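Below is target.pdb, holding PDB, C-alpha atoms, pLDDT in the B column.
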```pdb
ATOM      1  CA  ALA Z 109       0.000   0.000   0.000  1.00 81.00           C
ATOM      2  CA  GLN Z 110       1.040   3.590  -0.512  1.00 89.00           C
ATOM      3  CA  SER Z 111       0.488   6.810   1.413  1.00 94.00           C
ATOM      4  CA  VAL Z 112       0.959  10.474   0.528  1.00 97.00           C
ATOM      5  CA  THR Z 113       1.622  13.340   2.919  1.00 97.00           C
ATOM      6  CA  GLN Z 114       1.113  16.941   1.978  1.00 97.00           C
ATOM      7  CA  LEU Z 115       2.614  18.797   4.887  1.00 92.00           C
ATOM      8  CA  ASP Z 116       0.842  22.111   4.370  1.00 95.00           C
ATOM      9  CA  SER Z 117      -2.938  22.293   4.329  1.00 95.00           C
ATOM     10  CA  GLN Z 118      -2.798  25.959   3.333  1.00 97.00           C
ATOM     11  CA  VAL Z 119      -0.123  28.081   1.671  1.00 97.00           C
ATOM     12  CA  PRO Z 120      -0.685  31.845   1.363  1.00 97.00           C
ATOM     13  CA  VAL Z 121       1.550  33.572  -1.182  1.00 97.00           C
ATOM     14  CA  PHE Z 122       1.656  37.043  -2.650  1.00 97.00           C
ATOM     15  CA  GLU Z 123       1.009  37.424  -6.363  1.00 96.00           C
ATOM     16  CA  GLU Z 124       4.162  37.116  -8.527  1.00 97.00           C
ATOM     17  CA  ALA Z 125       6.068  35.432  -5.691  1.00 98.00           C
ATOM     18  CA  PRO Z 126       7.481  31.889  -6.032  1.00 98.00           C
ATOM     19  CA  VAL Z 127       5.769  28.962  -4.343  1.00 98.00           C
ATOM     20  CA  GLU Z 128       6.622  25.400  -3.359  1.00 98.00           C
ATOM     21  CA  LEU Z 129       4.001  22.852  -2.352  1.00 98.00           C
ATOM     22  CA  ARG Z 130       5.481  19.885  -0.543  1.00 98.00           C
ATOM     23  CA  CYS Z 131       4.640  16.238  -1.081  1.00 98.00           C
ATOM     24  CA  ASN Z 132       6.181  13.148   0.498  1.00 98.00           C
ATOM     25  CA  TYR Z 133       5.139   9.589  -0.183  1.00 97.00           C
ATOM     26  CA  SER Z 134       5.626   6.157   1.280  1.00 95.00           C
ATOM     27  CA  SER Z 135       5.536   2.957  -0.722  1.00 91.00           C
ATOM     28  CA  SER Z 136       7.085  -0.506  -0.645  1.00 89.00           C
ATOM     29  CA  VAL Z 137       6.972  -0.682  -4.442  1.00 89.00           C
ATOM     30  CA  SER Z 138       7.896   1.660  -7.274  1.00 90.00           C
ATOM     31  CA  VAL Z 139       5.294   4.282  -7.997  1.00 91.00           C
ATOM     32  CA  TYR Z 140       4.301   6.854 -10.541  1.00 94.00           C
ATOM     33  CA  LEU Z 141       3.728  10.361  -9.174  1.00 96.00           C
ATOM     34  CA  PHE Z 142       1.158  12.981 -10.119  1.00 97.00           C
ATOM     35  CA  TRP Z 143       0.060  16.485  -9.224  1.00 98.00           C
ATOM     36  CA  TYR Z 144      -3.561  17.499  -9.798  1.00 97.00           C
ATOM     37  CA  VAL Z 145      -5.302  20.861  -9.388  1.00 97.00           C
ATOM     38  CA  GLN Z 146      -8.924  21.354  -8.409  1.00 96.00           C
ATOM     39  CA  TYR Z 147     -10.655  24.680  -8.945  1.00 94.00           C
ATOM     40  CA  PRO Z 148     -13.878  25.430  -7.009  1.00 88.00           C
ATOM     41  CA  ASN Z 149     -16.839  23.297  -8.096  1.00 83.00           C
ATOM     42  CA  GLN Z 150     -14.757  21.423 -10.656  1.00 87.00           C
ATOM     43  CA  GLY Z 151     -13.107  18.050 -11.011  1.00 91.00           C
ATOM     44  CA  LEU Z 152      -9.383  17.402 -10.970  1.00 95.00           C
ATOM     45  CA  GLN Z 153      -7.019  18.449 -13.744  1.00 95.00           C
ATOM     46  CA  LEU Z 154      -3.602  16.875 -14.222  1.00 95.00           C
ATOM     47  CA  LEU Z 155      -0.754  19.378 -13.831  1.00 97.00           C
ATOM     48  CA  LEU Z 156       2.146  17.015 -14.389  1.00 96.00           C
ATOM     49  CA  LYS Z 157       3.370  13.482 -13.806  1.00 96.00           C
ATOM     50  CA  TYR Z 158       6.602  11.599 -13.211  1.00 95.00           C
ATOM     51  CA  LEU Z 159       6.860   8.207 -14.858  1.00 93.00           C
ATOM     52  CA  SER Z 160      10.606   7.765 -15.395  1.00 89.00           C
ATOM     53  CA  GLY Z 161      13.690   9.532 -16.735  1.00 90.00           C
ATOM     54  CA  SER Z 162      14.570  13.121 -15.829  1.00 91.00           C
ATOM     55  CA  THR Z 163      13.649  13.898 -12.247  1.00 92.00           C
ATOM     56  CA  LEU Z 164      12.590  17.445 -13.138  1.00 96.00           C
ATOM     57  CA  VAL Z 165       9.161  17.403 -14.705  1.00 97.00           C
ATOM     58  CA  LYS Z 166       7.494  20.367 -16.350  1.00 97.00           C
ATOM     59  CA  GLY Z 167       3.740  20.689 -16.501  1.00 96.00           C
ATOM     60  CA  ILE Z 168       0.999  23.039 -17.545  1.00 95.00           C
ATOM     61  CA  ASN Z 169       0.509  26.623 -16.351  1.00 94.00           C
ATOM     62  CA  GLY Z 170       4.214  27.085 -15.597  1.00 96.00           C
ATOM     63  CA  PHE Z 171       4.388  24.458 -12.845  1.00 97.00           C
ATOM     64  CA  GLU Z 172       7.253  22.010 -12.409  1.00 98.00           C
ATOM     65  CA  ALA Z 173       8.090  19.302  -9.891  1.00 98.00           C
ATOM     66  CA  GLU Z 174      11.208  17.434  -8.874  1.00 96.00           C
ATOM     67  CA  PHE Z 175      11.233  13.766  -7.971  1.00 96.00           C
ATOM     68  CA  ASN Z 176      13.693  12.864  -5.217  1.00 95.00           C
ATOM     69  CA  LYS Z 177      13.819   9.124  -4.673  1.00 93.00           C
ATOM     70  CA  SER Z 178      16.114   9.185  -1.643  1.00 94.00           C
ATOM     71  CA  GLN Z 179      13.832  11.640   0.161  1.00 95.00           C
ATOM     72  CA  THR Z 180      10.660  10.115  -1.301  1.00 95.00           C
ATOM     73  CA  SER Z 181       9.486  13.576  -2.244  1.00 97.00           C
ATOM     74  CA  PHE Z 182       7.801  15.184  -5.227  1.00 98.00           C
ATOM     75  CA  HIS Z 183       7.539  18.904  -4.484  1.00 98.00           C
ATOM     76  CA  LEU Z 184       5.648  21.227  -6.819  1.00 98.00           C
ATOM     77  CA  ARG Z 185       7.037  24.644  -7.700  1.00 98.00           C
ATOM     78  CA  LYS Z 186       6.135  27.740  -9.660  1.00 98.00           C
ATOM     79  CA  PRO Z 187       8.517  30.700  -9.986  1.00 97.00           C
ATOM     80  CA  SER Z 188       5.794  33.358 -10.127  1.00 97.00           C
ATOM     81  CA  VAL Z 189       2.168  32.775  -9.157  1.00 97.00           C
ATOM     82  CA  HIS Z 190      -0.901  34.473 -10.486  1.00 96.00           C
ATOM     83  CA  ILE Z 191      -4.237  35.129  -8.836  1.00 95.00           C
ATOM     84  CA  SER Z 192      -5.752  32.468 -11.111  1.00 94.00           C
ATOM     85  CA  ASP Z 193      -3.553  29.820  -9.438  1.00 96.00           C
ATOM     86  CA  THR Z 194      -5.778  29.966  -6.356  1.00 96.00           C
ATOM     87  CA  ALA Z 195      -7.005  26.376  -6.040  1.00 97.00           C
ATOM     88  CA  GLU Z 196      -6.590  23.081  -4.199  1.00 97.00           C
ATOM     89  CA  TYR Z 197      -3.555  21.027  -5.214  1.00 98.00           C
ATOM     90  CA  PHE Z 198      -3.329  17.274  -4.756  1.00 98.00           C
ATOM     91  CA  CYS Z 199      -0.297  15.038  -4.928  1.00 98.00           C
ATOM     92  CA  ALA Z 200      -1.019  11.418  -5.866  1.00 96.00           C
ATOM     93  CA  VAL Z 201       0.829   8.158  -6.421  1.00 95.00           C
ATOM     94  CA  ARG Z 202      -0.003   4.890  -8.089  1.00 92.00           C
ATOM     95  CA  SER Z 203       1.880   1.624  -7.968  1.00 89.00           C
ATOM     96  CA  GLU Z 204       3.680   0.856 -11.232  1.00 87.00           C
ATOM     97  CA  ARG Z 205       2.157  -2.606 -11.077  1.00 82.00           C
ATOM     98  CA  GLY Z 206      -1.384  -1.258 -10.703  1.00 73.00           C
ATOM     99  CA  GLY Z 207      -3.560  -3.065  -8.250  1.00 68.00           C
ATOM    100  CA  ALA Z 208      -6.406  -2.497  -5.888  1.00 64.00           C
ATOM    101  CA  ASP Z 209      -5.522   0.990  -4.717  1.00 72.00           C
ATOM    102  CA  GLY Z 210      -6.086   3.120  -7.790  1.00 87.00           C
ATOM    103  CA  LEU Z 211      -4.645   6.582  -7.280  1.00 92.00           C
ATOM    104  CA  THR Z 212      -3.694   7.361  -3.678  1.00 94.00           C
ATOM    105  CA  PHE Z 213      -4.060  11.065  -2.910  1.00 96.00           C
ATOM    106  CA  GLY Z 214      -2.696  13.394  -0.268  1.00 97.00           C
ATOM    107  CA  LYS Z 215      -5.109  15.549   1.727  1.00 96.00           C
ATOM    108  CA  GLY Z 216      -4.481  18.533  -0.506  1.00 97.00           C
ATOM    109  CA  THR Z 217      -2.906  21.977  -0.166  1.00 98.00           C
ATOM    110  CA  HIS Z 218      -5.021  25.072  -0.575  1.00 97.00           C
ATOM    111  CA  LEU Z 219      -2.949  27.682  -2.406  1.00 97.00           C
ATOM    112  CA  ILE Z 220      -4.144  31.186  -1.585  1.00 96.00           C
ATOM    113  CA  ILE Z 221      -2.803  33.988  -3.739  1.00 96.00           C
ATOM    114  CA  GLN Z 222      -2.875  37.397  -2.120  1.00 92.00           C
ATOM    115  CA  PRO Z 223      -2.844  40.522  -4.303  1.00 88.00           C
TER     116      PRO Z 223
ATOM    117  CA  LYS I 107     -13.440  16.145 -27.830  1.00 68.00           C
ATOM    118  CA  ALA I 108     -16.034  16.180 -25.060  1.00 81.00           C
ATOM    119  CA  GLY I 109     -14.761  15.611 -21.534  1.00 93.00           C
ATOM    120  CA  VAL I 110     -16.031  13.290 -18.846  1.00 97.00           C
ATOM    121  CA  THR I 111     -19.626  14.046 -17.945  1.00 97.00           C
ATOM    122  CA  GLN I 112     -21.396  13.152 -14.734  1.00 97.00           C
ATOM    123  CA  THR I 113     -25.092  13.301 -13.962  1.00 97.00           C
ATOM    124  CA  PRO I 114     -26.698  14.577 -11.939  1.00 97.00           C
ATOM    125  CA  ARG I 115     -24.408  17.329 -10.661  1.00 96.00           C
ATOM    126  CA  TYR I 116     -26.264  17.687  -7.364  1.00 97.00           C
ATOM    127  CA  LEU I 117     -28.418  15.253  -5.437  1.00 97.00           C
ATOM    128  CA  ILE I 118     -30.196  15.343  -2.088  1.00 98.00           C
ATOM    129  CA  LYS I 119     -31.353  12.104  -0.489  1.00 98.00           C
ATOM    130  CA  THR I 120     -32.450  10.969   2.946  1.00 98.00           C
ATOM    131  CA  ARG I 121     -30.953   8.250   5.116  1.00 98.00           C
ATOM    132  CA  GLY I 122     -31.908   4.748   4.086  1.00 97.00           C
ATOM    133  CA  GLN I 123     -32.574   5.605   0.459  1.00 98.00           C
ATOM    134  CA  GLN I 124     -30.461   4.432  -2.432  1.00 98.00           C
ATOM    135  CA  VAL I 125     -28.890   6.470  -5.206  1.00 98.00           C
ATOM    136  CA  THR I 126     -27.448   5.897  -8.681  1.00 98.00           C
ATOM    137  CA  LEU I 127     -24.845   8.178 -10.211  1.00 98.00           C
ATOM    138  CA  SER I 128     -23.893   8.156 -13.862  1.00 98.00           C
ATOM    139  CA  CYS I 129     -20.618   8.773 -15.681  1.00 98.00           C
ATOM    140  CA  SER I 130     -19.954   9.057 -19.413  1.00 98.00           C
ATOM    141  CA  PRO I 131     -16.230   8.735 -20.234  1.00 97.00           C
ATOM    142  CA  ILE I 132     -14.325  10.435 -22.988  1.00 96.00           C
ATOM    143  CA  SER I 133     -15.022   8.779 -26.327  1.00 95.00           C
ATOM    144  CA  GLY I 134     -12.647   5.874 -26.850  1.00 94.00           C
ATOM    145  CA  HIS I 135     -11.772   5.488 -23.183  1.00 95.00           C
ATOM    146  CA  ARG I 136     -12.458   2.014 -21.844  1.00 95.00           C
ATOM    147  CA  SER I 137     -11.542   2.464 -18.177  1.00 95.00           C
ATOM    148  CA  VAL I 138     -13.679   4.280 -15.626  1.00 96.00           C
ATOM    149  CA  SER I 139     -12.696   4.840 -12.005  1.00 96.00           C
ATOM    150  CA  TRP I 140     -14.744   6.299  -9.160  1.00 97.00           C
ATOM    151  CA  TYR I 141     -13.502   8.326  -6.209  1.00 97.00           C
ATOM    152  CA  GLN I 142     -15.173   9.741  -3.112  1.00 98.00           C
ATOM    153  CA  GLN I 143     -14.070  13.163  -1.856  1.00 96.00           C
ATOM    154  CA  THR I 144     -14.944  14.326   1.668  1.00 96.00           C
ATOM    155  CA  PRO I 145     -13.444  17.075   3.857  1.00 92.00           C
ATOM    156  CA  GLY I 146     -12.428  14.533   6.493  1.00 90.00           C
ATOM    157  CA  GLN I 147     -11.093  11.613   4.476  1.00 93.00           C
ATOM    158  CA  GLY I 148     -10.034  13.442   1.322  1.00 94.00           C
ATOM    159  CA  LEU I 149     -10.018  11.599  -1.983  1.00 96.00           C
ATOM    160  CA  GLN I 150     -10.490   7.860  -1.759  1.00 95.00           C
ATOM    161  CA  PHE I 151     -10.566   5.264  -4.530  1.00 95.00           C
ATOM    162  CA  LEU I 152     -13.844   3.347  -4.812  1.00 96.00           C
ATOM    163  CA  PHE I 153     -13.442   1.058  -7.816  1.00 93.00           C
ATOM    164  CA  GLU I 154     -12.325   0.783 -11.419  1.00 94.00           C
ATOM    165  CA  TYR I 155     -14.068  -0.805 -14.379  1.00 95.00           C
ATOM    166  CA  PHE I 156     -12.547  -1.881 -17.656  1.00 94.00           C
ATOM    167  CA  SER I 157     -14.491  -3.465 -20.506  1.00 92.00           C
ATOM    168  CA  GLU I 158     -17.526  -4.048 -18.271  1.00 94.00           C
ATOM    169  CA  THR I 159     -15.467  -5.844 -15.577  1.00 93.00           C
ATOM    170  CA  GLN I 160     -14.560  -4.538 -12.156  1.00 92.00           C
ATOM    171  CA  ARG I 161     -10.794  -4.654 -12.141  1.00 89.00           C
ATOM    172  CA  ASN I 162      -9.919  -2.961  -8.859  1.00 87.00           C
ATOM    173  CA  LYS I 163     -11.812  -2.124  -5.692  1.00 91.00           C
ATOM    174  CA  GLY I 164     -11.028   0.178  -2.786  1.00 91.00           C
ATOM    175  CA  ASN I 165     -11.836  -0.316   0.860  1.00 91.00           C
ATOM    176  CA  PHE I 166     -15.527   0.546   0.917  1.00 95.00           C
ATOM    177  CA  PRO I 167     -18.497  -1.462   2.234  1.00 96.00           C
ATOM    178  CA  GLY I 168     -20.654  -3.556  -0.047  1.00 95.00           C
ATOM    179  CA  ARG I 169     -23.312  -0.829  -0.082  1.00 97.00           C
ATOM    180  CA  PHE I 170     -21.162   0.792  -2.744  1.00 98.00           C
ATOM    181  CA  SER I 171     -21.383  -0.946  -6.095  1.00 97.00           C
ATOM    182  CA  GLY I 172     -20.983  -0.123  -9.722  1.00 97.00           C
ATOM    183  CA  ARG I 173     -21.179  -1.387 -13.239  1.00 97.00           C
ATOM    184  CA  GLN I 174     -20.007  -0.539 -16.696  1.00 97.00           C
ATOM    185  CA  PHE I 175     -21.925  -0.893 -19.919  1.00 97.00           C
ATOM    186  CA  SER I 176     -20.719  -1.973 -23.341  1.00 96.00           C
ATOM    187  CA  ASN I 177     -20.414   1.686 -24.429  1.00 95.00           C
ATOM    188  CA  SER I 178     -18.070   2.255 -21.417  1.00 96.00           C
ATOM    189  CA  ARG I 179     -20.590   4.404 -19.576  1.00 98.00           C
ATOM    190  CA  SER I 180     -20.586   3.611 -15.887  1.00 98.00           C
ATOM    191  CA  GLU I 181     -22.959   3.881 -12.971  1.00 98.00           C
ATOM    192  CA  MET I 182     -22.318   3.638  -9.285  1.00 98.00           C
ATOM    193  CA  ASN I 183     -24.962   2.784  -6.739  1.00 98.00           C
ATOM    194  CA  VAL I 184     -25.068   3.401  -3.030  1.00 98.00           C
ATOM    195  CA  SER I 185     -27.735   1.559  -1.086  1.00 95.00           C
ATOM    196  CA  THR I 186     -29.050   2.285   2.404  1.00 97.00           C
ATOM    197  CA  LEU I 187     -27.561   5.759   2.475  1.00 98.00           C
ATOM    198  CA  GLU I 188     -25.884   7.019   5.650  1.00 97.00           C
ATOM    199  CA  LEU I 189     -25.125  10.609   6.645  1.00 97.00           C
ATOM    200  CA  GLY I 190     -21.427   9.886   6.146  1.00 96.00           C
ATOM    201  CA  ASP I 191     -22.011   9.146   2.472  1.00 97.00           C
ATOM    202  CA  SER I 192     -22.425  12.874   1.837  1.00 98.00           C
ATOM    203  CA  ALA I 193     -19.554  13.656  -0.501  1.00 97.00           C
ATOM    204  CA  LEU I 194     -18.423  14.702  -3.931  1.00 97.00           C
ATOM    205  CA  TYR I 195     -18.254  11.611  -6.137  1.00 98.00           C
ATOM    206  CA  LEU I 196     -15.760  11.919  -8.952  1.00 97.00           C
ATOM    207  CA  CYS I 197     -15.531   9.777 -12.016  1.00 97.00           C
ATOM    208  CA  ALA I 198     -12.344   9.498 -14.064  1.00 96.00           C
ATOM    209  CA  SER I 199     -11.773   7.881 -17.428  1.00 96.00           C
ATOM    210  CA  SER I 200      -8.613   6.708 -19.148  1.00 94.00           C
ATOM    211  CA  LEU I 201      -7.767   4.913 -22.354  1.00 93.00           C
ATOM    212  CA  ASP I 202      -6.769   1.608 -20.824  1.00 87.00           C
ATOM    213  CA  GLY I 203      -6.553   2.087 -17.062  1.00 85.00           C
ATOM    214  CA  THR I 204      -2.880   1.206 -16.853  1.00 88.00           C
ATOM    215  CA  PRO I 205      -1.049   2.986 -14.007  1.00 88.00           C
ATOM    216  CA  ARG I 206       0.962   5.345 -16.237  1.00 88.00           C
ATOM    217  CA  THR I 207      -2.028   6.454 -18.305  1.00 88.00           C
ATOM    218  CA  GLU I 208      -3.583   9.810 -17.464  1.00 90.00           C
ATOM    219  CA  GLN I 209      -6.970   9.796 -15.786  1.00 93.00           C
ATOM    220  CA  PHE I 210      -9.359  12.559 -16.870  1.00 94.00           C
ATOM    221  CA  PHE I 211     -11.810  13.627 -14.191  1.00 96.00           C
ATOM    222  CA  GLY I 212     -15.387  14.767 -14.503  1.00 96.00           C
ATOM    223  CA  PRO I 213     -16.874  17.670 -12.480  1.00 95.00           C
ATOM    224  CA  GLY I 214     -18.372  15.318  -9.934  1.00 96.00           C
ATOM    225  CA  THR I 215     -21.778  14.678  -8.396  1.00 97.00           C
ATOM    226  CA  ARG I 216     -22.338  16.299  -5.035  1.00 97.00           C
ATOM    227  CA  LEU I 217     -24.471  14.011  -2.880  1.00 98.00           C
ATOM    228  CA  THR I 218     -26.057  15.330   0.285  1.00 98.00           C
ATOM    229  CA  VAL I 219     -27.672  12.827   2.656  1.00 98.00           C
ATOM    230  CA  LEU I 220     -30.129  14.280   5.173  1.00 97.00           C
TER     231      LEU I 220
END
```
With the file now loaded, output its structure as structure tokens.
Amino acid sequence: AQSVTQLDSQVPVFEEAPVELRCNYSSSVSVYLFWYVQYPNQGLQLLLKYLSGSTLVKGINGFEAEFNKSQTSFHLRKPSVHISDTAEYFCAVRSERGGADGLTFGKGTHLIIQP
Amino acid sequence: KAGVTQTPRYLIKTRGQQVTLSCSPISGHRSVSWYQQTPGQGLQFLFEYFSETQRNKGNFPGRFSGRQFSNSRSEMNVSTLELGDSALYLCASSLDGTPRTEQFFGPGTRLTVL
């Protein structure tokens, strides 16, 4: 089984400032890693994913994430946030072998952009 | 290409009733997964269907069931509703359901149990 920890439930940031949303995972098997964003009253949208290869992954809307196997982390970053980035962000993992768990999500981080 | 659609978007039921939620995947997608989202437990995997067969199941009681039709549309059913079943139910579709394949989520059905 896997588990995902998002250490910050809320992150307030001023507009145009950089932001990092932290994600740590635990798994006894190799996993794929994902970041999703959820805007109010909407479903989830995939920001980026790590499957293999380069540990720095670039996604949509200027976001990027770095996979660190030794620290079992997959932190999400953006160099300059915009008011439209206000949303809930979820880190998720899934076993490379598939199985009964589907996607395992963290509790989410609410990114609040202050003007 | 149309996205994942879920109907209805909002639903109010009372304890003890049963409910059926519907999900239409993206055209060509054969895998449909269901997730429950609550403030307390977050996002939890319910089950996954592929080609009309349940392939994976999360840790939910038997009151939660689902099915998939030959056109890949899926329904989930919750019987004997409890207050704790109030949640946003999200459906996600993917081409083949393999772990590395992207899942596309619908807007969800918000179920309120009174």
Specify as a ChimeraX atom specification all residues of chain I found within 10 Å of chain Z, counting only C-alpha atoms. /I:110,115,139-141,143-154,161-165,194-198,203-216
Rounded to one decimal, what separation in Å do you get between atom CA of His190 of chain Z and atom CA of Asn132 of chain Z?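 Straight-line distance from atom CA of His190 of chain Z to atom CA of Asn132 of chain Z works out to 25.0 Å.
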Run through the PyMOL selection byres ((chain I and resi 168) around 12) on the given coordinates and return the selected residues as a PDB file with C-alpha atoms, in the coordinates of the input.
```
ATOM      1  CA  LEU I 152     -13.844   3.347  -4.812  1.00 96.00           C
ATOM      2  CA  PHE I 153     -13.442   1.058  -7.816  1.00 93.00           C
ATOM      3  CA  LYS I 163     -11.812  -2.124  -5.692  1.00 91.00           C
ATOM      4  CA  GLY I 164     -11.028   0.178  -2.786  1.00 91.00           C
ATOM      5  CA  ASN I 165     -11.836  -0.316   0.860  1.00 91.00           C
ATOM      6  CA  PHE I 166     -15.527   0.546   0.917  1.00 95.00           C
ATOM      7  CA  PRO I 167     -18.497  -1.462   2.234  1.00 96.00           C
ATOM      8  CA  ARG I 169     -23.312  -0.829  -0.082  1.00 97.00           C
ATOM      9  CA  PHE I 170     -21.162   0.792  -2.744  1.00 98.00           C
ATOM     10  CA  SER I 171     -21.383  -0.946  -6.095  1.00 97.00           C
ATOM     11  CA  GLY I 172     -20.983  -0.123  -9.722  1.00 97.00           C
ATOM     12  CA  MET I 182     -22.318   3.638  -9.285  1.00 98.00           C
ATOM     13  CA  ASN I 183     -24.962   2.784  -6.739  1.00 98.00           C
ATOM     14  CA  VAL I 184     -25.068   3.401  -3.030  1.00 98.00           C
ATOM     15  CA  SER I 185     -27.735   1.559  -1.086  1.00 95.00           C
ATOM     16  CA  THR I 186     -29.050   2.285   2.404  1.00 97.00           C
ATOM     17  CA  LEU I 187     -27.561   5.759   2.475  1.00 98.00           C
TER      18      LEU I 187
END
```
Report as an MDAnalysis selection string all protein, DNA and RNA residues lying within 8 Å of Arg130 of chain Z, evaluated on all atoms listed in the file, omitting residues in the same chain fewer than 5 positions from it. chainID Z and resid 114:116 181:184
Got a sec to resolve the PyMOL selection byres ((chain I and resi 192) around 6) on this structure and send the residues as a PyMOL selection string? chain I and resi 189-191+193+217-219
Distance of atom CA of Leu127 of chain I from atom CA of Leu201 of chain I, expressed in Å to one decimal place: 21.2 Å
One decimal place gives the atom CA of Ser180 of chain I-atom CA of Ala108 of chain I separation as 16.2 Å
Quick one: residues within 9 Å of Gln174 of chain I, only C-alpha atoms counted, chain neighbours fewer than 6 positions away excluded, as JSON, numbers by chain? {"I": [138, 155, 156, 157, 158, 159, 160, 180, 181, 182]}
Mind telling me what the PyMOL selection byres ((chain Z and resi 128) around 10) catches here, as a list in words?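 Given this file, the PyMOL selection byres ((chain Z and resi 128) around 10) evaluates to Val119, Val121, Pro126, Val127, Leu129, Arg130, Cys131, Phe171, Glu172, Ala173, His183, Leu184, Arg185, Lys186, Pro187 and Leu219 of chain Z.
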Contact residues around Asp202 of chain I with only C-alpha atoms at 9 Å, ignoring same-chain residues under 6 positions, as a PyMOL selection string: chain I and resi 135-137+156
Just-selected residues, C-alpha atoms written as a PDB file, keeping the file's coordinate frame:
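So the final result, stored in selection-v5.pdb, reads:
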```
ATOM      1  CA  HIS I 135     -11.772   5.488 -23.183  1.00 95.00           C
ATOM      2  CA  ARG I 136     -12.458   2.014 -21.844  1.00 95.00           C
ATOM      3  CA  SER I 137     -11.542   2.464 -18.177  1.00 95.00           C
ATOM      4  CA  PHE I 156     -12.547  -1.881 -17.656  1.00 94.00           C
TER       5      PHE I 156
END
```
What's the 9 Å shell around Glu188 of chain I, counting only C-alpha atoms, without same-chain residues fewer than 6 positions away, as a ChimeraX atom specification? /I:120-123,219-220
How big is the axis-aligned box around the listed atoms of segment 145-158 of chain I once 5 Å is added on each side, and where is its centre? Give both in Å to one decimal, as AutoDock Vina command-line options.
```
--center_x -13.8 --center_y 6.5 --center_z -7.0 --size_x 17.5 --size_y 31.1 --size_z 37.0
```
Could you add N, CA, C and O atoms to segment 116-128 of chain I and give me the result as a compact mmCIF listing (two decimals), in the coordinates of the input?
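The result, stored in result_19.txt:
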```txt
# COMPACT_ATOMS: atom_id res chain seq x y z
N TYR I 116 -25.90 17.55 -8.78
CA TYR I 116 -26.26 17.69 -7.36
C TYR I 116 -27.43 16.76 -7.05
O TYR I 116 -28.31 16.55 -7.89
N LEU I 117 -27.40 16.22 -5.84
CA LEU I 117 -28.42 15.25 -5.44
C LEU I 117 -28.63 15.35 -3.93
O LEU I 117 -27.66 15.42 -3.17
N ILE I 118 -29.89 15.37 -3.52
CA ILE I 118 -30.20 15.34 -2.09
C ILE I 118 -31.06 14.12 -1.81
O ILE I 118 -32.08 13.92 -2.48
N LYS I 119 -30.64 13.31 -0.86
CA LYS I 119 -31.35 12.10 -0.49
C LYS I 119 -31.47 12.06 1.03
O LYS I 119 -30.81 12.80 1.75
N THR I 120 -32.33 11.16 1.50
CA THR I 120 -32.45 10.97 2.95
C THR I 120 -31.87 9.61 3.34
O THR I 120 -31.72 8.72 2.49
N ARG I 121 -31.53 9.50 4.59
CA ARG I 121 -30.95 8.25 5.12
C ARG I 121 -31.83 7.05 4.77
O ARG I 121 -33.06 7.12 4.85
N GLY I 122 -31.19 5.97 4.39
CA GLY I 122 -31.91 4.75 4.09
C GLY I 122 -32.27 4.59 2.62
O GLY I 122 -32.54 3.47 2.17
N GLN I 123 -32.28 5.70 1.89
CA GLN I 123 -32.57 5.60 0.46
C GLN I 123 -31.38 5.06 -0.31
O GLN I 123 -30.30 4.88 0.25
N GLN I 124 -31.59 4.81 -1.59
CA GLN I 124 -30.46 4.43 -2.43
C GLN I 124 -30.33 5.45 -3.56
O GLN I 124 -31.24 6.22 -3.84
N VAL I 125 -29.15 5.48 -4.18
CA VAL I 125 -28.89 6.47 -5.21
C VAL I 125 -28.04 5.86 -6.32
O VAL I 125 -27.22 4.97 -6.06
N THR I 126 -28.26 6.33 -7.53
CA THR I 126 -27.45 5.90 -8.68
C THR I 126 -26.86 7.12 -9.36
O THR I 126 -27.57 8.07 -9.67
N LEU I 127 -25.55 7.09 -9.55
CA LEU I 127 -24.84 8.18 -10.21
C LEU I 127 -24.33 7.67 -11.55
O LEU I 127 -23.92 6.51 -11.66
N SER I 128 -24.28 8.57 -12.53
CA SER I 128 -23.89 8.16 -13.86
C SER I 128 -22.65 8.89 -14.34
O SER I 128 -22.43 10.05 -13.98
```
